[in-house]
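Text of upload25.cif, listed as mmCIF, C-alpha atoms:
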```
data_structure
#
loop_
_atom_site.label_atom_id
_atom_site.label_comp_id
_atom_site.auth_asym_id
_atom_site.auth_seq_id
_atom_site.Cartn_x
_atom_site.Cartn_y
_atom_site.Cartn_z
CA MET A 1 0.00 0.00 0.00
CA GLY A 2 1.07 3.58 -0.47
CA LEU A 3 0.02 6.82 1.13
CA LYS A 4 1.71 9.44 -1.08
CA GLN A 5 -0.18 8.16 -4.08
CA LEU A 6 -3.37 9.60 -2.63
CA THR A 7 -2.12 13.10 -3.52
CA PRO A 8 -0.74 14.46 -6.80
CA HIS A 9 3.05 14.40 -7.18
CA PRO A 10 4.48 17.82 -6.20
CA TRP A 11 6.25 18.13 -9.55
CA ASP A 12 2.93 17.69 -11.32
CA ALA A 13 1.60 20.63 -9.34
CA LEU A 14 4.64 22.82 -10.13
CA ASP A 15 3.75 26.03 -11.92
CA SER A 16 3.82 25.20 -15.61
CA ASN A 17 5.02 28.69 -16.45
CA LEU A 18 8.33 28.28 -14.61
CA LYS A 19 11.28 28.22 -17.01
CA VAL A 20 15.07 28.54 -17.12
CA GLY A 21 16.14 32.04 -16.12
CA ASP A 22 13.27 32.69 -13.74
CA HIS A 23 13.95 33.78 -10.17
CA VAL A 24 12.58 31.63 -7.36
CA LYS A 25 12.67 31.77 -3.58
CA GLY A 26 13.00 28.91 -1.16
CA LYS A 27 14.42 27.48 2.05
CA VAL A 28 17.65 25.53 2.44
CA VAL A 29 16.64 22.05 3.61
CA VAL A 30 19.82 20.01 3.09
CA ILE A 31 23.44 21.18 2.81
CA ALA A 32 26.62 19.35 1.86
CA ASP A 33 30.15 20.31 0.86
CA TYR A 34 29.25 20.19 -2.83
CA GLY A 35 26.05 22.26 -2.57
CA ALA A 36 22.69 22.98 -0.97
CA PHE A 37 19.16 21.72 -1.70
CA VAL A 38 16.53 24.42 -1.67
CA GLU A 39 12.80 23.69 -1.44
CA ILE A 40 10.99 26.14 -3.72
CA ALA A 41 7.57 24.43 -3.31
CA PRO A 42 6.28 21.61 -1.08
CA GLY A 43 8.16 18.50 -2.25
CA VAL A 44 10.06 20.31 -5.04
CA GLU A 45 13.74 20.91 -4.48
CA GLY A 46 16.54 22.32 -6.55
CA LEU A 47 20.29 21.97 -6.12
CA ILE A 48 22.59 24.97 -5.88
CA HIS A 49 26.05 23.59 -6.63
CA VAL A 50 28.88 25.30 -4.77
CA SER A 51 30.35 26.44 -8.11
CA GLU A 52 27.11 28.40 -8.70
CA MET A 53 27.33 30.23 -5.39
CA SER A 54 30.16 32.61 -6.32
CA TRP A 55 31.99 33.90 -9.39
CA SER A 56 35.20 33.01 -7.59
CA GLN A 57 37.11 30.02 -8.98
CA HIS A 58 38.48 29.01 -5.59
CA LEU A 59 37.29 25.69 -4.22
CA ARG A 60 35.10 26.34 -1.22
CA SER A 61 32.47 24.58 0.85
CA ALA A 62 28.75 25.37 0.56
CA GLN A 63 28.66 25.97 4.33
CA GLU A 64 30.64 29.16 3.75
CA PHE A 65 27.71 30.64 1.85
CA MET A 66 24.53 29.36 3.52
CA HIS A 67 23.05 27.17 6.26
CA VAL A 68 19.99 24.94 6.72
CA GLY A 69 16.89 27.10 7.26
CA ASP A 70 18.21 30.11 5.28
CA GLU A 71 15.71 31.77 2.97
CA VAL A 72 17.41 32.32 -0.38
CA GLU A 73 16.63 33.66 -3.83
CA ALA A 74 18.03 31.82 -6.83
CA VAL A 75 17.93 31.62 -10.62
CA ILE A 76 16.72 28.48 -12.43
CA LEU A 77 19.64 27.15 -14.52
CA THR A 78 18.18 23.84 -15.71
CA LEU A 79 14.69 22.36 -15.41
CA ASP A 80 13.83 18.75 -16.31
CA ARG A 81 10.18 18.01 -15.46
CA GLU A 82 10.35 14.41 -16.67
CA GLU A 83 13.38 13.57 -14.54
CA ARG A 84 12.07 15.93 -11.85
CA LYS A 85 15.43 17.68 -11.48
CA MET A 86 16.26 21.32 -11.16
CA SER A 87 19.56 23.18 -10.76
CA LEU A 88 19.74 26.66 -9.32
CA GLY A 89 22.34 29.41 -9.00
CA ILE A 90 22.78 32.44 -6.80
CA LYS A 91 25.91 34.00 -8.34
CA GLN A 92 23.79 34.85 -11.38
CA LEU A 93 21.95 37.39 -9.24
CA LYS A 94 25.12 39.49 -9.45
CA GLU A 95 26.87 40.72 -12.54
CA ASP A 96 29.85 38.66 -13.68
CA PRO A 97 32.78 40.96 -12.79
CA TRP A 98 34.71 39.76 -15.85
CA GLU A 99 32.13 41.22 -18.20
CA THR A 100 33.35 44.72 -17.38
CA ILE A 101 36.91 43.84 -16.37
CA GLU A 102 38.59 46.22 -18.87
CA SER A 103 36.70 49.23 -17.58
CA LYS A 104 36.93 48.39 -13.88
CA TYR A 105 40.54 47.22 -13.87
CA PRO A 106 42.20 48.83 -16.91
CA VAL A 107 45.87 48.23 -17.62
CA GLY A 108 47.93 50.69 -15.56
CA SER A 109 45.31 51.19 -12.85
CA LYS A 110 46.30 50.84 -9.19
CA HIS A 111 44.39 48.77 -6.62
CA THR A 112 44.68 47.04 -3.25
CA ALA A 113 44.40 43.25 -3.26
CA ARG A 114 44.40 40.48 -0.65
CA VAL A 115 47.03 37.74 -0.72
CA ARG A 116 45.38 34.33 -1.16
CA ASN A 117 48.30 31.93 -1.60
CA PHE A 118 51.91 31.53 -2.75
CA THR A 119 53.71 29.56 -5.42
CA ASN A 120 57.44 29.40 -6.13
CA PHE A 121 56.95 31.79 -9.05
CA GLY A 122 54.64 34.39 -7.52
CA ILE A 123 51.67 35.47 -5.42
CA PHE A 124 47.98 34.90 -6.19
CA VAL A 125 45.82 37.75 -4.97
CA GLU A 126 42.12 38.59 -5.01
CA LEU A 127 40.93 42.07 -5.92
CA GLU A 128 37.28 41.22 -5.30
CA GLU A 129 35.06 38.15 -5.22
CA GLY A 130 35.70 36.37 -8.52
CA VAL A 131 38.60 38.56 -9.71
CA ASP A 132 42.03 37.05 -9.14
CA GLY A 133 45.47 38.08 -10.31
CA LEU A 134 49.08 36.93 -10.21
CA ILE A 135 52.08 38.98 -9.14
CA HIS A 136 55.13 37.29 -10.62
CA ILE A 137 58.08 37.07 -8.25
CA SER A 138 60.12 39.25 -10.61
CA ASP A 139 57.53 42.04 -10.28
CA LEU A 140 57.73 42.33 -6.49
CA SER A 141 60.82 44.53 -6.13
CA TRP A 142 63.19 46.52 -8.33
CA THR A 143 66.16 45.94 -6.04
CA LYS A 144 65.56 43.04 -3.65
CA LYS A 145 66.14 39.53 -4.98
CA VAL A 146 63.15 37.63 -3.59
CA LYS A 147 63.79 33.88 -3.44
CA HIS A 148 60.26 33.01 -2.30
CA PRO A 149 57.15 35.23 -2.01
CA SER A 150 56.81 34.38 1.69
CA GLU A 151 59.88 36.58 2.26
CA PHE A 152 57.94 39.55 0.92
CA THR A 153 54.43 39.25 2.41
CA GLN A 154 52.04 36.77 4.04
CA VAL A 155 48.73 35.07 3.25
CA GLY A 156 45.78 37.30 4.14
CA ALA A 157 47.78 40.51 3.99
CA GLU A 158 46.86 43.42 1.73
CA ILE A 159 49.21 44.48 -1.04
CA ASP A 160 49.10 47.38 -3.49
CA VAL A 161 49.25 46.39 -7.15
CA VAL A 162 49.26 47.75 -10.70
CA VAL A 163 47.40 45.97 -13.53
CA LEU A 164 49.95 44.93 -16.17
CA GLU A 165 47.91 42.66 -18.44
CA ILE A 166 44.33 41.32 -18.76
CA ASP A 167 43.51 37.76 -19.86
CA LYS A 168 39.72 37.87 -20.04
CA GLU A 169 39.34 34.44 -21.62
CA ASN A 170 41.16 32.66 -18.77
CA ARG A 171 39.91 35.14 -16.18
CA ARG A 172 43.38 36.14 -14.99
CA LEU A 173 45.12 39.44 -14.36
CA SER A 174 48.87 39.95 -14.48
CA LEU A 175 49.78 42.35 -11.69
CA GLY A 176 52.88 44.12 -10.48
CA HIS A 177 53.97 45.65 -7.19
CA LYS A 178 57.35 47.19 -8.01
CA GLN A 179 55.76 49.25 -10.79
CA LEU A 180 54.20 51.47 -8.12
CA GLU A 181 57.63 53.13 -7.87
CA GLU A 182 60.02 54.48 -10.48
CA ASN A 183 62.82 52.18 -11.56
CA PRO A 184 65.78 53.13 -9.32
CA TRP A 185 68.19 51.46 -11.75
CA ASP A 186 67.88 54.51 -13.96
CA THR A 187 69.51 56.45 -11.11
CA TYR A 188 71.93 53.68 -10.12
CA GLU A 189 73.34 53.78 -13.64
CA THR A 190 74.69 57.25 -12.97
CA ILE A 191 75.95 56.43 -9.44
CA TYR A 192 77.57 53.01 -9.70
CA THR A 193 79.91 53.65 -12.58
CA PRO A 194 82.77 51.12 -12.99
CA GLY A 195 85.73 52.18 -10.89
CA SER A 196 83.72 54.25 -8.42
CA ILE A 197 84.01 53.42 -4.71
CA HIS A 198 81.02 53.16 -2.34
CA THR A 199 80.27 52.03 1.19
CA GLY A 200 78.17 48.94 1.77
CA LYS A 201 77.20 46.42 4.42
CA ILE A 202 77.48 42.65 3.98
CA THR A 203 73.96 41.30 4.50
CA GLU A 204 74.35 37.71 3.30
CA ILE A 205 77.27 35.32 2.83
CA MET A 206 77.16 32.14 0.74
CA ASP A 207 79.66 29.80 -0.91
CA LYS A 208 79.81 31.84 -4.12
CA GLY A 209 80.24 35.17 -2.39
CA ALA A 210 78.38 37.84 -0.47
CA VAL A 211 75.47 40.22 -0.97
CA ILE A 212 76.24 43.85 -0.12
CA ALA A 213 73.60 46.47 0.65
CA LEU A 214 74.97 49.73 -0.72
CA ASN A 215 74.39 52.98 1.15
CA GLU A 216 73.05 54.76 -1.94
CA GLY A 217 70.49 51.98 -2.44
CA GLY A 218 70.41 48.62 -4.16
CA GLU A 219 72.47 45.48 -3.68
CA GLY A 220 75.74 44.30 -5.14
CA PHE A 221 77.63 41.03 -5.16
CA ALA A 222 81.27 40.19 -4.40
CA THR A 223 83.03 36.85 -4.87
CA PRO A 224 85.18 35.46 -2.01
CA LYS A 225 88.49 36.64 -3.54
CA HIS A 226 87.13 40.19 -3.57
CA LEU A 227 86.19 40.01 0.11
CA VAL A 228 89.78 39.70 1.34
CA LYS A 229 90.77 42.64 3.53
CA GLU A 230 94.12 44.41 3.55
CA ASP A 231 95.33 42.42 6.58
CA GLY A 232 94.58 39.15 4.73
CA SER A 233 91.44 38.26 6.70
CA GLN A 234 88.05 37.57 5.10
CA ALA A 235 85.22 40.08 5.42
CA GLN A 236 82.41 38.91 7.70
CA LEU A 237 78.65 39.18 7.80
CA GLY A 238 77.49 42.57 9.05
CA GLU A 239 80.75 44.39 8.27
CA GLU A 240 80.53 47.78 6.61
CA LEU A 241 83.36 48.32 4.14
CA SER A 242 84.26 50.28 1.04
CA PHE A 243 83.76 48.55 -2.31
CA LYS A 244 84.87 49.35 -5.83
CA VAL A 245 82.41 48.78 -8.70
CA ILE A 246 83.90 46.28 -11.13
CA GLU A 247 80.86 45.78 -13.34
CA PHE A 248 77.41 47.35 -13.72
CA VAL A 249 74.76 45.73 -15.95
CA LYS A 250 71.41 47.52 -15.89
CA GLU A 251 69.56 44.94 -18.00
CA THR A 252 70.24 42.08 -15.57
CA LYS A 253 70.33 44.35 -12.50
CA ARG A 254 73.81 43.23 -11.58
CA ILE A 255 76.44 45.16 -9.65
CA ILE A 256 79.74 43.31 -9.15
CA LEU A 257 81.85 44.73 -6.32
CA SER A 258 85.30 44.27 -4.81
CA HIS A 259 86.68 45.36 -1.46
CA SER A 260 90.17 44.06 -2.25
CA ARG A 261 90.46 46.32 -5.29
CA THR A 262 90.07 49.41 -3.13
CA PHE A 263 93.57 48.92 -1.69
CA GLU A 264 95.21 46.70 -4.32
CA ASP A 265 94.71 49.19 -7.13
CA ALA A 266 96.08 51.96 -4.96
CA LYS A 267 99.34 49.99 -4.41
CA ASP A 268 99.75 49.28 -8.12
CA GLU A 269 99.59 52.93 -9.06
CA PRO A 270 103.10 54.46 -9.22
CA LYS A 271 103.67 57.10 -6.65
CA LYS A 272 104.31 60.27 -8.56
CA ALA A 273 106.35 62.86 -6.69
CA PRO A 274 105.12 66.38 -7.18
CA ARG A 275 107.16 68.40 -9.66
CA ALA A 276 109.43 71.01 -8.03
CA LYS A 277 109.09 74.46 -9.42
CA ARG A 278 112.13 75.35 -11.53
CA ALA A 279 114.05 78.27 -10.16
CA PRO A 280 114.34 81.14 -12.56
CA LYS A 281 117.70 81.23 -14.42
CA LYS A 282 120.15 83.77 -13.28
CA GLU A 283 121.00 86.29 -15.93
CA GLU A 284 124.12 85.04 -17.70
CA ALA A 285 126.97 87.39 -18.28
CA PRO A 286 127.07 88.53 -21.89
CA VAL A 287 129.72 86.87 -24.06
CA ILE A 288 132.06 89.51 -25.46
CA ASN A 289 132.71 88.59 -29.04
CA ASN A 290 135.60 91.06 -29.47
CA VAL A 291 139.04 90.20 -30.70
CA ALA A 292 140.51 93.08 -28.80
CA ALA A 293 139.21 91.71 -25.54
CA GLY A 294 141.75 88.88 -25.64
CA THR A 295 144.79 90.71 -27.05
CA THR A 296 147.97 91.57 -25.21
CA LEU A 297 150.11 94.75 -25.24
CA GLY A 298 152.60 93.05 -27.64
CA ASP A 299 149.88 92.39 -30.10
CA LEU A 300 148.92 96.05 -29.99
CA ASP A 301 152.45 97.14 -30.95
CA ALA A 302 152.46 94.77 -33.95
CA LEU A 303 149.21 96.16 -35.12
CA ALA A 304 150.44 99.73 -34.83
CA GLU A 305 153.52 98.87 -36.94
CA LEU A 306 151.36 97.21 -39.60
CA LYS A 307 149.14 100.27 -39.75
CA ALA A 308 152.09 102.55 -40.35
CA LYS A 309 153.35 100.43 -43.25
CA LEU A 310 149.96 100.44 -44.89
CA GLU A 311 149.86 104.22 -44.73
CA LYS A 312 153.30 104.46 -46.47
CA GLY A 313 152.04 102.09 -49.20
CA GLU A 314 154.56 99.37 -48.30
#
```
File written out as structure tokens:
Amino acid sequence: MGLKQLTPHPWDALDSNLKVGDHVKGKVVVIADYGAFVEIAPGVEGLIHVSEMSWSQHLRSAQEFMHVGDEVEAVILTLDREERKMSLGIKQLKEDPWETIESKYPVGSKHTARVRNFTNFGIFVELEEGVDGLIHISDLSWTKKVKHPSEFTQVGAEIDVVVLEIDKENRRLSLGHKQLEENPWDTYETIYTPGSIHTGKITEIMDKGAVIALNEGGEGFATPKHLVKEDGSQAQLGEELSFKVIEFVKETKRIILSHSRTFEDAKDEPKKAPRAKRAPKKEEAPVINNVAAGTTLGDLDALAELKAKLEKGE
């Protein structure tokens, strides 16, 4: 025997005018991780899958959006009267943020986002529900070499970003953080010229060398042989020393430094003594170019005799 057969099936009594796209109201009667069942009429339920609860692509549980007993409004997505199945959605009650993404988040615009999670190559952030973006690790800082995003920020923190590129089809934004500031390497190019000497502090030491934070900004690198001090000892972590710029490459953001060169090059240069001012020459006595000046009295007598003979025509 059956009791329910004494009354019409609820689906047979469902409003025949209901169709896909219509808005309905109901009460949440059953909830699970994958979705919630909403009763829109006595005995007629529809499923709101968790993917239809938000425009966000992040995997979440239905319990984050609603609870048993909640009165909700939804949109009919599918309706199969023969199979007596209905699927509903609530995210459709709001505009898809990606429909107007170019106007709301144009390339070059600045925004504040929330850090959702890290990867080895960058940070995934959320600008609003359903709008995610990626900050590549290379776009975090102009000067600091970030090995992992966790060194720069933390999950749940807010971070200022600039929109670099829009991928509407895949619903992704390429974002940058360092672009909020001017590129300091344009200035460094004029400061860290090869051969110039600057003061820096050793902030990290590894097998291949050391990282030096320069006082004028930015970081440089020195190999172990360039960390030898004048007394022969090796420079240590935390020491502040003078460094000579050996190489500057703006494209790869590389500054190669040497502490040893600051005193080695000075020794190699020949010590040039200052030139002494030449004393003015004393005025030399005039040379008398006169035959008579070197003649004797005897010579004078001979000349007088010769003169007399010439006068007599002899």
Closest of A:Gly89, A:Pro194, A:Gly108, A:Gly46 to Gly21 in chain A - atom-to-atom distances counting all atoms listed in the file: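 Of all the options, A:Gly89 lies closest to Gly21 in chain A.
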Test item: the PyMOL selection byres ((chain A and resi 44) around 9) resolved as a ChimeraX atom specification: /A:10-11,14,38-43,45-46,84-86
Find, counting all atoms listed in the file, the residue in A:Met206, A:Val211, A:Thr7, A:Glu264 that gets nearest to Asp231 in chain A. A:Glu264
Carefully work through the PyMOL selection byres ((chain A and resi 260) around 12) for this structure and note down the residues it includes, as an mmCIF file with C-alpha atoms, keeping the file's coordinate frame.
```cif
data_model
loop_
_atom_site.group_PDB
_atom_site.id
_atom_site.type_symbol
_atom_site.label_atom_id
_atom_site.label_comp_id
_atom_site.auth_asym_id
_atom_site.auth_seq_id
_atom_site.Cartn_x
_atom_site.Cartn_y
_atom_site.Cartn_z
ATOM 1 C CA ILE A 197 84.010 53.420 -4.710
ATOM 2 C CA ALA A 222 81.270 40.190 -4.400
ATOM 3 C CA THR A 223 83.030 36.850 -4.870
ATOM 4 C CA PRO A 224 85.180 35.460 -2.010
ATOM 5 C CA LYS A 225 88.490 36.640 -3.540
ATOM 6 C CA HIS A 226 87.130 40.190 -3.570
ATOM 7 C CA LEU A 227 86.190 40.010 0.110
ATOM 8 C CA VAL A 228 89.780 39.700 1.340
ATOM 9 C CA LYS A 229 90.770 42.640 3.530
ATOM 10 C CA GLU A 230 94.120 44.410 3.550
ATOM 11 C CA ASP A 231 95.330 42.420 6.580
ATOM 12 C CA GLY A 232 94.580 39.150 4.730
ATOM 13 C CA SER A 233 91.440 38.260 6.700
ATOM 14 C CA GLN A 234 88.050 37.570 5.100
ATOM 15 C CA ALA A 235 85.220 40.080 5.420
ATOM 16 C CA LEU A 241 83.360 48.320 4.140
ATOM 17 C CA SER A 242 84.260 50.280 1.040
ATOM 18 C CA PHE A 243 83.760 48.550 -2.310
ATOM 19 C CA LYS A 244 84.870 49.350 -5.830
ATOM 20 C CA VAL A 245 82.410 48.780 -8.700
ATOM 21 C CA ILE A 246 83.900 46.280 -11.130
ATOM 22 C CA LEU A 257 81.850 44.730 -6.320
ATOM 23 C CA SER A 258 85.300 44.270 -4.810
ATOM 24 C CA HIS A 259 86.680 45.360 -1.460
ATOM 25 C CA ARG A 261 90.460 46.320 -5.290
ATOM 26 C CA THR A 262 90.070 49.410 -3.130
ATOM 27 C CA PHE A 263 93.570 48.920 -1.690
ATOM 28 C CA GLU A 264 95.210 46.700 -4.320
ATOM 29 C CA ASP A 265 94.710 49.190 -7.130
ATOM 30 C CA ALA A 266 96.080 51.960 -4.960
ATOM 31 C CA LYS A 267 99.340 49.990 -4.410
#
```
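Of the listed residues (A:His67, A:Gln92, A:Phe118, A:Glu181), A:Phe118 comes nearest to Phe152 in chain A; the distances count only C-alpha atoms.
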So how many Å separate CA of Glu189 in chain A and CA of Lys110 in chain A, to one decimal?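 If I compute the distance from CA of Glu189 in chain A to CA of Lys110 in chain A, I get 27.6 Å.
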